[in-house]
$ cat run-v4.cif   # mmCIF, C-alpha atoms
data_entry
loop_
_atom_site.group_PDB
_atom_site.id
_atom_site.type_symbol
_atom_site.label_atom_id
_atom_site.label_comp_id
_atom_site.auth_asym_id
_atom_site.auth_seq_id
_atom_site.Cartn_x
_atom_site.Cartn_y
_atom_site.Cartn_z
ATOM 1 C CA GLN Z 321 -23.255 -52.881 -6.703
ATOM 2 C CA ARG Z 322 -21.044 -50.856 -4.348
ATOM 3 C CA ALA Z 323 -21.055 -51.229 -0.568
ATOM 4 C CA VAL Z 324 -21.397 -48.006 1.427
ATOM 5 C CA ASP Z 325 -21.019 -47.211 5.085
ATOM 6 C CA CYS Z 326 -23.613 -45.483 7.281
ATOM 7 C CA VAL Z 327 -22.817 -42.016 5.910
ATOM 8 C CA GLY Z 328 -22.710 -43.096 2.265
ATOM 9 C CA ASN Z 329 -18.966 -43.552 1.677
ATOM 10 C CA ALA Z 330 -18.401 -46.134 -1.066
ATOM 11 C CA ALA Z 331 -16.156 -49.093 -0.258
ATOM 12 C CA GLY Z 332 -15.473 -50.066 -3.871
ATOM 13 C CA PRO Z 333 -16.799 -52.880 -6.049
ATOM 14 C CA VAL Z 334 -18.017 -55.906 -4.089
ATOM 15 C CA THR Z 335 -18.946 -59.210 -5.686
ATOM 16 C CA SER Z 336 -19.763 -61.156 -2.518
ATOM 17 C CA THR Z 337 -19.222 -61.045 1.205
ATOM 18 C CA THR Z 338 -20.139 -63.025 4.301
ATOM 19 C CA PHE Z 339 -22.048 -61.735 7.291
ATOM 20 C CA ALA Z 340 -22.442 -63.886 10.384
ATOM 21 C CA LEU Z 341 -23.535 -63.512 13.977
ATOM 22 C CA PRO Z 342 -21.122 -65.386 16.266
ATOM 23 C CA THR Z 343 -22.687 -67.758 18.757
ATOM 24 C CA ALA Z 344 -21.408 -69.255 21.986
ATOM 25 C CA ALA Z 345 -19.108 -72.261 21.751
ATOM 26 C CA VAL Z 346 -19.671 -75.456 23.695
ATOM 27 C CA ALA Z 347 -17.197 -78.184 24.553
ATOM 28 C CA ASN Z 348 -15.660 -79.836 21.491
ATOM 29 C CA ASP Z 349 -16.976 -77.255 19.014
ATOM 30 C CA VAL Z 350 -13.337 -76.215 18.693
ATOM 31 C CA VAL Z 351 -10.621 -78.829 19.104
ATOM 32 C CA ILE Z 352 -6.844 -78.868 19.313
ATOM 33 C CA ASN Z 353 -5.757 -79.974 15.839
ATOM 34 C CA GLU Z 354 -1.956 -79.803 15.957
ATOM 35 C CA ILE Z 355 0.714 -79.211 18.612
ATOM 36 C CA LEU Z 356 4.367 -78.247 18.269
ATOM 37 C CA PHE Z 357 5.791 -78.354 21.782
ATOM 38 C CA ASN Z 358 9.435 -79.188 20.993
ATOM 39 C CA PRO Z 359 10.605 -76.739 18.297
ATOM 40 C CA ARG Z 360 14.023 -76.796 16.684
ATOM 41 C CA THR Z 361 16.698 -74.424 17.955
ATOM 42 C CA GLY Z 362 15.513 -70.911 17.165
ATOM 43 C CA GLY Z 363 11.944 -72.061 16.657
ATOM 44 C CA VAL Z 364 8.795 -71.416 18.671
ATOM 45 C CA ASP Z 365 5.832 -73.461 19.886
ATOM 46 C CA PHE Z 366 2.463 -73.350 18.185
ATOM 47 C CA VAL Z 367 -0.991 -74.805 18.780
ATOM 48 C CA GLU Z 368 -3.492 -75.085 15.952
ATOM 49 C CA LEU Z 369 -7.227 -74.983 16.646
ATOM 50 C CA LEU Z 370 -9.975 -76.298 14.366
ATOM 51 C CA ASN Z 371 -13.587 -75.165 14.394
ATOM 52 C CA ARG Z 372 -15.341 -78.457 13.650
ATOM 53 C CA SER Z 373 -18.794 -77.037 14.387
ATOM 54 C CA GLY Z 374 -21.183 -75.346 11.953
ATOM 55 C CA LYS Z 375 -21.054 -72.129 13.995
ATOM 56 C CA TYR Z 376 -19.228 -68.827 13.672
ATOM 57 C CA LEU Z 377 -17.305 -68.405 16.938
ATOM 58 C CA ASN Z 378 -15.655 -65.339 18.449
ATOM 59 C CA VAL Z 379 -12.425 -66.329 20.232
ATOM 60 C CA GLN Z 380 -12.153 -62.995 22.060
ATOM 61 C CA GLY Z 381 -11.200 -63.636 25.691
ATOM 62 C CA TRP Z 382 -10.505 -67.343 25.189
ATOM 63 C CA GLN Z 383 -7.584 -68.862 27.041
ATOM 64 C CA LEU Z 384 -4.850 -71.261 25.877
ATOM 65 C CA GLY Z 385 -3.110 -72.995 28.732
ATOM 66 C CA ASN Z 386 -0.805 -75.711 30.005
ATOM 67 C CA GLU Z 387 -2.441 -77.760 32.754
ATOM 68 C CA LYS Z 388 0.062 -78.675 35.448
ATOM 69 C CA ALA Z 389 0.272 -81.837 37.543
ATOM 70 C CA ASP Z 390 -1.536 -80.181 40.467
ATOM 71 C CA GLY Z 391 -4.457 -79.195 38.238
ATOM 72 C CA SER Z 392 -3.574 -75.506 38.034
ATOM 73 C CA VAL Z 393 -3.357 -73.905 34.589
ATOM 74 C CA ASP Z 394 -0.666 -71.656 33.142
ATOM 75 C CA GLY Z 395 -2.987 -69.764 30.810
ATOM 76 C CA ASN Z 396 -2.745 -66.878 28.368
ATOM 77 C CA THR Z 397 -5.447 -64.903 26.579
ATOM 78 C CA ILE Z 398 -5.699 -65.820 22.908
ATOM 79 C CA SER Z 399 -7.067 -62.453 21.779
ATOM 80 C CA LEU Z 400 -8.239 -59.294 23.545
ATOM 81 C CA GLY Z 401 -10.145 -58.167 20.464
ATOM 82 C CA PRO Z 402 -12.817 -59.909 18.376
ATOM 83 C CA VAL Z 403 -11.588 -62.693 16.085
ATOM 84 C CA VAL Z 404 -14.263 -64.762 14.342
ATOM 85 C CA LEU Z 405 -13.577 -68.389 13.537
ATOM 86 C CA ALA Z 406 -15.676 -69.733 10.646
ATOM 87 C CA PRO Z 407 -16.901 -73.343 10.400
ATOM 88 C CA GLY Z 408 -14.030 -75.608 9.384
ATOM 89 C CA GLN Z 409 -11.460 -72.848 9.838
ATOM 90 C CA LEU Z 410 -7.978 -73.434 11.241
ATOM 91 C CA LEU Z 411 -6.381 -70.969 13.660
ATOM 92 C CA VAL Z 412 -2.671 -71.207 14.457
ATOM 93 C CA LEU Z 413 -1.672 -69.680 17.807
ATOM 94 C CA THR Z 414 1.934 -68.641 18.381
ATOM 95 C CA THR Z 415 4.005 -65.671 19.500
ATOM 96 C CA ARG Z 416 5.990 -65.549 16.246
ATOM 97 C CA PRO Z 417 4.013 -66.388 13.102
ATOM 98 C CA ASP Z 418 6.948 -65.229 10.980
ATOM 99 C CA ILE Z 419 9.244 -67.885 12.453
ATOM 100 C CA VAL Z 420 6.648 -70.629 12.098
ATOM 101 C CA GLN Z 421 5.842 -69.664 8.498
ATOM 102 C CA SER Z 422 9.522 -69.566 7.544
ATOM 103 C CA SER Z 423 9.988 -73.071 8.967
ATOM 104 C CA TYR Z 424 6.785 -74.645 7.647
ATOM 105 C CA PRO Z 425 5.287 -73.289 4.401
ATOM 106 C CA THR Z 426 1.600 -72.511 4.676
ATOM 107 C CA ASN Z 427 -1.205 -71.950 2.198
ATOM 108 C CA ASP Z 428 -2.928 -69.387 4.407
ATOM 109 C CA PRO Z 429 -0.867 -66.846 6.373
ATOM 110 C CA ALA Z 430 -4.173 -65.295 7.509
ATOM 111 C CA ALA Z 431 -4.786 -68.409 9.606
ATOM 112 C CA PHE Z 432 -2.146 -67.266 12.107
ATOM 113 C CA LEU Z 433 -2.929 -65.256 15.216
ATOM 114 C CA THR Z 434 -0.149 -63.597 17.201
ATOM 115 C CA MET Z 435 -0.346 -64.048 20.963
ATOM 116 C CA PRO Z 436 1.693 -61.589 23.085
ATOM 117 C CA SER Z 437 2.654 -64.406 25.454
ATOM 118 C CA PHE Z 438 2.379 -68.174 25.300
ATOM 119 C CA PRO Z 439 1.986 -70.929 27.881
ATOM 120 C CA THR Z 440 5.090 -72.961 28.668
ATOM 121 C CA PHE Z 441 4.668 -76.400 27.124
ATOM 122 C CA PRO Z 442 7.374 -78.816 28.368
ATOM 123 C CA ASP Z 443 9.308 -80.771 25.743
ATOM 124 C CA ASP Z 444 8.754 -84.134 27.436
ATOM 125 C CA ALA Z 445 5.042 -84.093 28.318
ATOM 126 C CA GLY Z 446 2.195 -81.740 29.152
ATOM 127 C CA ILE Z 447 -1.483 -80.969 28.782
ATOM 128 C CA VAL Z 448 -2.862 -78.399 26.332
ATOM 129 C CA VAL Z 449 -6.207 -76.886 27.288
ATOM 130 C CA VAL Z 450 -8.516 -74.318 25.693
ATOM 131 C CA PHE Z 451 -11.166 -72.342 27.607
ATOM 132 C CA ASP Z 452 -13.822 -69.932 26.409
ATOM 133 C CA ALA Z 453 -14.145 -66.367 27.726
ATOM 134 C CA LEU Z 454 -16.164 -67.619 30.728
ATOM 135 C CA GLY Z 455 -13.523 -70.169 31.693
ATOM 136 C CA ARG Z 456 -15.475 -73.165 30.414
ATOM 137 C CA PRO Z 457 -13.292 -75.941 28.925
ATOM 138 C CA LEU Z 458 -13.556 -76.462 25.169
ATOM 139 C CA ASP Z 459 -10.864 -79.093 24.585
ATOM 140 C CA ARG Z 460 -7.987 -80.819 26.391
ATOM 141 C CA VAL Z 461 -5.123 -82.909 24.972
ATOM 142 C CA VAL Z 462 -2.515 -84.802 26.974
ATOM 143 C CA TYR Z 463 0.703 -85.035 24.938
ATOM 144 C CA SER Z 464 4.065 -86.707 25.366
ATOM 145 C CA ALA Z 465 7.279 -86.896 23.348
ATOM 146 C CA LYS Z 466 6.820 -90.676 23.555
ATOM 147 C CA GLN Z 467 3.820 -90.340 21.228
ATOM 148 C CA HIS Z 468 6.150 -89.521 18.347
ATOM 149 C CA LEU Z 469 7.004 -92.297 15.934
ATOM 150 C CA ALA Z 470 9.888 -94.183 17.510
ATOM 151 C CA LEU Z 471 11.661 -94.430 14.136
ATOM 152 C CA LEU Z 472 12.336 -90.685 14.150
ATOM 153 C CA ARG Z 473 15.940 -89.936 15.099
ATOM 154 C CA ASP Z 474 15.139 -86.356 16.070
ATOM 155 C CA VAL Z 475 11.669 -85.213 17.140
ATOM 156 C CA ASN Z 476 12.625 -81.556 17.557
ATOM 157 C CA GLY Z 477 10.498 -79.536 15.180
ATOM 158 C CA VAL Z 478 8.033 -82.390 14.619
ATOM 159 C CA SER Z 479 4.400 -81.675 15.451
ATOM 160 C CA LEU Z 480 1.700 -84.045 16.651
ATOM 161 C CA GLU Z 481 -1.278 -83.915 14.287
ATOM 162 C CA ARG Z 482 -4.864 -84.921 14.896
ATOM 163 C CA ILE Z 483 -5.769 -87.947 12.759
ATOM 164 C CA ARG Z 484 -9.565 -87.757 12.663
ATOM 165 C CA THR Z 485 -11.421 -84.481 12.904
ATOM 166 C CA ASP Z 486 -14.387 -85.956 14.754
ATOM 167 C CA GLY Z 487 -12.310 -88.381 16.804
ATOM 168 C CA PRO Z 488 -11.559 -87.983 20.516
ATOM 169 C CA SER Z 489 -8.804 -85.763 21.879
ATOM 170 C CA THR Z 490 -6.706 -88.718 23.035
ATOM 171 C CA ALA Z 491 -3.181 -89.911 22.275
ATOM 172 C CA ALA Z 492 -4.499 -92.576 19.898
ATOM 173 C CA ASN Z 493 -5.901 -89.830 17.661
ATOM 174 C CA PHE Z 494 -2.569 -88.024 17.183
ATOM 175 C CA HIS Z 495 0.494 -88.949 15.129
ATOM 176 C CA SER Z 496 3.797 -87.351 14.130
ATOM 177 C CA ALA Z 497 3.485 -85.140 11.050
ATOM 178 C CA ALA Z 498 4.951 -86.645 7.889
ATOM 179 C CA SER Z 499 8.474 -85.945 6.657
ATOM 180 C CA THR Z 500 7.169 -85.126 3.184
ATOM 181 C CA VAL Z 501 5.466 -81.956 4.484
ATOM 182 C CA GLY Z 502 8.416 -80.846 6.606
ATOM 183 C CA TYR Z 503 7.161 -82.436 9.855
ATOM 184 C CA ALA Z 504 4.387 -79.897 10.569
ATOM 185 C CA THR Z 505 1.392 -78.365 8.772
ATOM 186 C CA PRO Z 506 0.340 -75.132 10.530
ATOM 187 C CA GLY Z 507 -2.485 -73.510 8.584
ATOM 188 C CA ARG Z 508 -2.774 -76.517 6.254
ATOM 189 C CA PRO Z 509 -4.689 -79.814 6.312
ATOM 190 C CA ASN Z 510 -2.940 -82.363 8.501
ATOM 191 C CA SER Z 511 -0.621 -84.732 6.664
ATOM 192 C CA GLN Z 512 -1.864 -87.656 8.767
ATOM 193 C CA TYR Z 513 -5.553 -86.806 8.385
ATOM 194 C CA GLN Z 514 -7.744 -89.867 8.008
ATOM 195 C CA GLU Z 515 -11.439 -90.048 7.273
ATOM 196 C CA ASP Z 516 -13.648 -92.190 9.455
ATOM 197 C CA PRO Z 517 -14.297 -95.294 7.323
ATOM 198 C CA GLY Z 518 -17.825 -95.566 8.713
ATOM 199 C CA GLY Z 519 -19.789 -98.767 8.472
ATOM 200 C CA ASP Z 520 -21.311 -100.875 11.201
ATOM 201 C CA ARG Z 521 -18.980 -103.864 11.252
ATOM 202 C CA LEU Z 522 -17.616 -104.810 14.656
ATOM 203 C CA PHE Z 523 -13.919 -104.654 13.679
ATOM 204 C CA ARG Z 524 -12.356 -103.432 10.452
ATOM 205 C CA LEU Z 525 -8.801 -102.512 9.439
ATOM 206 C CA GLU Z 526 -7.968 -99.393 7.441
ATOM 207 C CA PRO Z 527 -5.745 -99.680 5.469
ATOM 208 C CA GLU Z 528 -5.081 -103.405 5.147
ATOM 209 C CA VAL Z 529 -1.636 -102.698 3.641
ATOM 210 C CA PHE Z 530 0.500 -99.952 5.196
ATOM 211 C CA THR Z 531 4.053 -98.638 4.897
ATOM 212 C CA PRO Z 532 5.400 -96.924 8.056
ATOM 213 C CA ASP Z 533 7.974 -94.633 6.448
ATOM 214 C CA GLU Z 534 6.663 -91.176 7.475
ATOM 215 C CA ASP Z 535 5.804 -90.126 3.929
ATOM 216 C CA GLY Z 536 2.229 -89.298 4.890
ATOM 217 C CA GLN Z 537 0.815 -92.207 2.884
ATOM 218 C CA GLN Z 538 -0.484 -95.202 4.887
ATOM 219 C CA ASP Z 539 2.074 -94.615 7.665
ATOM 220 C CA PHE Z 540 -0.008 -96.623 10.136
ATOM 221 C CA THR Z 541 -3.034 -98.874 10.223
ATOM 222 C CA THR Z 542 -6.084 -98.460 12.422
ATOM 223 C CA LEU Z 543 -8.344 -101.133 13.846
ATOM 224 C CA ASN Z 544 -11.765 -99.486 13.832
ATOM 225 C CA TYR Z 545 -14.599 -100.805 15.957
ATOM 226 C CA THR Z 546 -18.316 -100.258 16.499
ATOM 227 C CA LEU Z 547 -19.949 -101.847 19.564
ATOM 228 C CA ASP Z 548 -23.586 -102.317 20.485
ATOM 229 C CA LYS Z 549 -23.236 -100.981 24.044
ATOM 230 C CA PRO Z 550 -20.678 -99.423 26.418
ATOM 231 C CA GLY Z 551 -18.618 -101.318 28.967
ATOM 232 C CA TYR Z 552 -16.601 -103.644 26.756
ATOM 233 C CA ALA Z 553 -12.861 -104.118 27.299
ATOM 234 C CA ALA Z 554 -10.291 -105.476 24.885
ATOM 235 C CA SER Z 555 -6.795 -106.913 24.641
ATOM 236 C CA ILE Z 556 -5.163 -106.743 21.211
ATOM 237 C CA THR Z 557 -1.917 -108.516 20.321
ATOM 238 C CA VAL Z 558 -0.045 -108.415 17.015
ATOM 239 C CA TYR Z 559 1.571 -111.675 15.817
ATOM 240 C CA ASP Z 560 3.788 -112.305 12.800
ATOM 241 C CA ALA Z 561 3.091 -115.006 10.189
ATOM 242 C CA GLN Z 562 4.959 -117.572 12.342
ATOM 243 C CA GLY Z 563 2.758 -116.866 15.342
ATOM 244 C CA ARG Z 564 5.404 -114.963 17.310
ATOM 245 C CA ARG Z 565 4.262 -111.968 19.351
ATOM 246 C CA THR Z 566 5.322 -108.709 17.763
ATOM 247 C CA ARG Z 567 3.431 -106.064 19.746
ATOM 248 C CA GLN Z 568 1.077 -105.936 22.702
ATOM 249 C CA LEU Z 569 -1.102 -103.193 21.308
ATOM 250 C CA VAL Z 570 -3.787 -103.022 24.008
ATOM 251 C CA ARG Z 571 -4.198 -104.815 27.328
ATOM 252 C CA ASN Z 572 -7.587 -104.866 29.082
ATOM 253 C CA GLU Z 573 -8.469 -101.382 27.860
ATOM 254 C CA THR Z 574 -11.996 -100.073 28.304
ATOM 255 C CA MET Z 575 -13.597 -99.168 24.987
ATOM 256 C CA ALA Z 576 -16.036 -96.523 23.850
ATOM 257 C CA THR Z 577 -18.965 -97.633 21.738
ATOM 258 C CA GLN Z 578 -17.075 -96.465 18.654
ATOM 259 C CA GLY Z 579 -13.397 -95.730 18.067
ATOM 260 C CA PHE Z 580 -10.106 -97.119 16.836
ATOM 261 C CA PHE Z 581 -6.671 -98.344 17.876
ATOM 262 C CA GLN Z 582 -3.518 -97.477 15.960
ATOM 263 C CA TRP Z 583 -0.512 -99.664 15.053
ATOM 264 C CA ASP Z 584 2.535 -97.847 13.691
ATOM 265 C CA GLY Z 585 4.380 -100.986 12.556
ATOM 266 C CA LEU Z 586 6.765 -101.109 15.515
ATOM 267 C CA ASN Z 587 7.408 -104.084 17.788
ATOM 268 C CA ASP Z 588 7.500 -104.152 21.589
ATOM 269 C CA GLN Z 589 11.133 -102.989 21.497
ATOM 270 C CA GLY Z 590 10.274 -99.868 19.496
ATOM 271 C CA GLN Z 591 11.894 -101.220 16.319
ATOM 272 C CA LYS Z 592 10.284 -101.440 12.898
ATOM 273 C CA ALA Z 593 8.806 -104.885 12.340
ATOM 274 C CA PRO Z 594 9.917 -106.773 9.192
ATOM 275 C CA VAL Z 595 7.881 -106.594 6.017
ATOM 276 C CA GLY Z 596 5.229 -109.300 5.887
ATOM 277 C CA TYR Z 597 1.812 -110.498 7.029
ATOM 278 C CA TYR Z 598 0.629 -109.895 10.591
ATOM 279 C CA VAL Z 599 -2.409 -110.975 12.557
ATOM 280 C CA LEU Z 600 -4.173 -108.775 15.096
ATOM 281 C CA HIS Z 601 -5.632 -111.108 17.715
ATOM 282 C CA ILE Z 602 -8.528 -109.393 19.488
ATOM 283 C CA GLN Z 603 -9.982 -110.539 22.789
ATOM 284 C CA LEU Z 604 -13.246 -108.729 23.490
ATOM 285 C CA PHE Z 605 -14.565 -108.956 27.064
ATOM 286 C CA GLU Z 606 -18.267 -108.333 27.548
ATOM 287 C CA PRO Z 607 -19.548 -105.921 30.238
ATOM 288 C CA ASN Z 608 -20.198 -107.001 33.823
ATOM 289 C CA GLY Z 609 -18.151 -110.179 33.715
ATOM 290 C CA GLY Z 610 -19.817 -111.590 30.637
ATOM 291 C CA GLY Z 611 -18.187 -113.885 28.130
ATOM 292 C CA ARG Z 612 -15.106 -113.413 25.955
ATOM 293 C CA GLN Z 613 -15.126 -113.246 22.172
ATOM 294 C CA GLU Z 614 -12.073 -113.602 19.932
ATOM 295 C CA TYR Z 615 -11.404 -112.141 16.489
ATOM 296 C CA LYS Z 616 -8.486 -112.110 14.061
ATOM 297 C CA LYS Z 617 -7.659 -109.482 11.462
ATOM 298 C CA THR Z 618 -4.818 -109.721 8.917
ATOM 299 C CA VAL Z 619 -2.713 -106.774 7.841
ATOM 300 C CA VAL Z 620 0.311 -106.423 5.554
ATOM 301 C CA LEU Z 621 3.299 -104.315 6.604
ATOM 302 C CA GLY Z 622 4.933 -103.259 3.366
ATOM 303 C CA ALA Z 623 7.756 -101.034 2.159
ATOM 304 C CA ARG Z 624 8.197 -98.660 -0.777
ATOM 305 C CA PHE Z 625 11.063 -99.251 -3.171
#

$ encode --input "run-v4.cif" --output "structure tokens"
Amino acid sequence: QRAVDCVGNAAGPVTSTTFALPTAAVANDVVINEILFNPRTGGVDFVELLNRSGKYLNVQGWQLGNEKADGSVDGNTISLGPVVLAPGQLLVLTTRPDIVQSSYPTNDPAAFLTMPSFPTFPDDAGIVVVFDALGRPLDRVVYSAKQHLALLRDVNGVSLERIRTDGPSTAANFHSAASTVGYATPGRPNSQYQEDPGGDRLFRLEPEVFTPDEDGQQDFTTLNYTLDKPGYAASITVYDAQGRRTRQLVRNETMATQGFFQWDGLNDQGQKAPVGYYVLHIQLFEPNGGGRQEYKKTVVLGARF
């Protein structure tokens, strides 16, 4: 079969093609998947979007912005013309795709979209926001250089990657990209990607043995939880095998009905904890001044030789 246009001009042999009618996006259909806000000297910022919906979405007229402290937004149009984002597709936004691709190898150069101008994202902290063509918010991520793994000597050129696709757009769901992939993965699956372990247990650790060495393999452990109702709060403290406090992970933090907390293997002083067994002591406070429940989970901090 040969495809032809409206006047009969042949387009050449065609084996298959995709036709889709873009639909309107709603909040969280598209999420911020990766952020490089502190590039190396000579580098440029980029923000990677992920269409986690089952829709085909036209990003024409969408805005990428930096939300300032007073609530105003320094925004720039992503594309003046039609650009369709397929389900599961990544879209890397930057002013210089050539510079980004030369710094971080990619499997899909077509995933990059050149923006004539880019919001100013501070190197210390900021807020990345995405709006649709009608100005409705689609996603918002608060970032900080302090979110990077404290073991890194230089965070310039290191991106923050989303851990779980369906997870919330919060600091706990982002982690420094692994050294083994060059510290960023624009246009590629995130090096720190983690599947939701699922299940209906109250607390569960994944993995139970981890090695925080930035190689992209078990660099951190997550304490996953599933609660029967909203309104719980928790305090979580990490102790070593001798019962000494290593890290105050969470203090009286309100919890969603489902989520996770991350431990990167560092102590309260920002130093890597020694190899060994650790206990996560969980204090779960029930809603409306109810009782307190306590749980303990064991994890092994290991090292590769």

$ atom_distance --input "run-v4.cif" --atom1 "CA of Arg372 in chain Z" --atom2 "CA of Ala406 in chain Z"
9.2 Å

$ residues_around --input "run-v4.cif" --residues "Tyr615 in chain Z" --least-positions-apart "5" --cutoff "10 Å" --atoms "all atoms listed in the file" --output "NGL selection string"
:Z and (522-523 or 556 or 599-604)

$ resolve_selection --input "run-v4.cif" --expression "the PyMOL selection byres ((chain Z and resi 509) around 12)" --output "PyMOL selection string"
chain Z and resi 353-354+368-370+408-411+426-428+431+481-485+497-498+501+504-508+510-514+536

$ resolve_selection --input "run-v4.cif" --expression "the PyMOL selection byres ((chain Z and resi 416) around 10)" --output "compact mmCIF listing (two decimals) with C-alpha atoms, keeping the file's coordinate frame"
# COMPACT_ATOMS: atom_id res chain seq x y z
CA GLY Z 363 11.94 -72.06 16.66
CA VAL Z 364 8.80 -71.42 18.67
CA ASP Z 365 5.83 -73.46 19.89
CA PHE Z 366 2.46 -73.35 18.18
CA LEU Z 413 -1.67 -69.68 17.81
CA THR Z 414 1.93 -68.64 18.38
CA THR Z 415 4.00 -65.67 19.50
CA PRO Z 417 4.01 -66.39 13.10
CA ASP Z 418 6.95 -65.23 10.98
CA ILE Z 419 9.24 -67.89 12.45
CA VAL Z 420 6.65 -70.63 12.10
CA GLN Z 421 5.84 -69.66 8.50
CA PHE Z 432 -2.15 -67.27 12.11
CA LEU Z 433 -2.93 -65.26 15.22
CA THR Z 434 -0.15 -63.60 17.20
CA MET Z 435 -0.35 -64.05 20.96
CA PRO Z 436 1.69 -61.59 23.08
CA SER Z 437 2.65 -64.41 25.45

$ closest_atom_pairs --input "run-v4.cif" --of "range 365-418 of chain Z" --to "range 450-468 of chain Z" --cutoff "10 Å" --atoms "all atoms listed in the file" --output "Markdown table"
| residue | atom | partner | partner_atom | distance |
| --- | --- | --- | --- | --- |
| Z:Leu369 | CA | Z:Val450 | CA | 9.2 |
| Z:Asn378 | CA | Z:Asp452 | CA | 9.4 |
| Z:Val379 | CA | Z:Asp452 | CA | 7.3 |
| Z:Gln380 | CA | Z:Ala453 | CA | 6.9 |
| Z:Gly381 | CA | Z:Ala453 | CA | 4.5 |
| Z:Trp382 | CA | Z:Asp452 | CA | 4.4 |
| Z:Gln383 | CA | Z:Phe451 | CA | 5.0 |
| Z:Leu384 | CA | Z:Val450 | CA | 4.8 |
| Z:Gly385 | CA | Z:Val450 | CA | 6.3 |
| Z:Asn386 | CA | Z:Val450 | CA | 8.9 |
| Z:Glu387 | CA | Z:Arg460 | CA | 9.0 |
| Z:Gly395 | CA | Z:Val450 | CA | 8.8 |
| Z:Asn396 | CA | Z:Val450 | CA | 9.8 |
| Z:Thr397 | CA | Z:Ala453 | CA | 8.9 |
| Z:Ile398 | CA | Z:Val450 | CA | 9.4 |

$ resolve_selection --input "run-v4.cif" --expression "the PyMOL selection byres ((chain Z and resi 532) around 8)" --output "PyMOL selection string"
chain Z and resi 530-531+533-535+538-540+584-585+621-623

$ atom_distance --input "run-v4.cif" --atom1 "CA of Ser496 in chain Z" --atom2 "CA of Thr541 in chain Z"
14.0 Å

$ residues_around --input "run-v4.cif" --residues "Lys549 in chain Z" --least-positions-apart "5" --cutoff "12 Å" --atoms "only C-alpha atoms" --output "VMD selection string"
chain Z and resid 522 575 to 578 606 to 608

$ write_last_selection --input "run-v4.cif" --atoms "C-alpha atoms" --output "short mmCIF file (atom, residue, chain, number, x, y, z; two decimals), in the frame of the given file"
data_model
loop_
_atom_site.label_atom_id
_atom_site.label_comp_id
_atom_site.auth_asym_id
_atom_site.auth_seq_id
_atom_site.Cartn_x
_atom_site.Cartn_y
_atom_site.Cartn_z
CA LEU Z 522 -17.62 -104.81 14.66
CA MET Z 575 -13.60 -99.17 24.99
CA ALA Z 576 -16.04 -96.52 23.85
CA THR Z 577 -18.96 -97.63 21.74
CA GLN Z 578 -17.08 -96.46 18.65
CA GLU Z 606 -18.27 -108.33 27.55
CA PRO Z 607 -19.55 -105.92 30.24
CA ASN Z 608 -20.20 -107.00 33.82
#

$ atom_distance --input "run-v4.cif" --atom1 "CA of Arg567 in chain Z" --atom2 "CA of Asp516 in chain Z"
24.3 Å

$ closest_residue --input "run-v4.cif" --among "Z:Val478, Z:Ala554, Z:Leu341, Z:Ala470" --to "Phe581 in chain Z" --atoms "all atoms listed in the file"
Z:Ala554

$ residues_around --input "run-v4.cif" --residues "Glu528 in chain Z" --least-positions-apart "3" --cutoff "8 Å" --atoms "only C-alpha atoms" --output "NGL selection string"
:Z and (525 or 541 or 618-620)

$ closest_residue --input "run-v4.cif" --among "Z:Gly502, Z:Pro527, Z:Lys592, Z:Gly551" --to "Ser422 in chain Z" --atoms "only C-alpha atoms"
Z:Gly502

$ closest_residue --input "run-v4.cif" --among "Z:Val529, Z:Leu400, Z:Val350, Z:Val448" --to "Val367 in chain Z" --atoms "only C-alpha atoms"
Z:Val448

$ closest_residue --input "run-v4.cif" --among "Z:Pro442, Z:Gly477, Z:Gly487, Z:Gly579" --to "Tyr545 in chain Z" --atoms "all atoms listed in the file"
Z:Gly579

$ closest_residue --input "run-v4.cif" --among "Z:Asn348, Z:Gln613, Z:Thr557, Z:Thr546" --to "Arg524 in chain Z" --atoms "only C-alpha atoms"
Z:Thr546

$ axis_aligned_box --input "run-v4.cif" --around "range 409-424 of chain Z" --padding-each-side "6 Å" --output "lines of an AutoDock Vina configuration file"
center_x = -0.7
center_y = -69.9
center_z = 13.5
size_x = 33.4
size_y = 21.4
size_z = 24.0

$ residues_around --input "run-v4.cif" --residues "range 375-377 of chain Z" --least-positions-apart "5" --cutoff "9 Å" --atoms "only C-alpha atoms" --output "PyMOL selection string"
chain Z and resi 340-345+349-350+403-407

$ closest_residue --input "run-v4.cif" --among "Z:Leu469, Z:Arg360, Z:Val351, Z:Asp390" --to "Thr490 in chain Z" --atoms "only C-alpha atoms"
Z:Val351
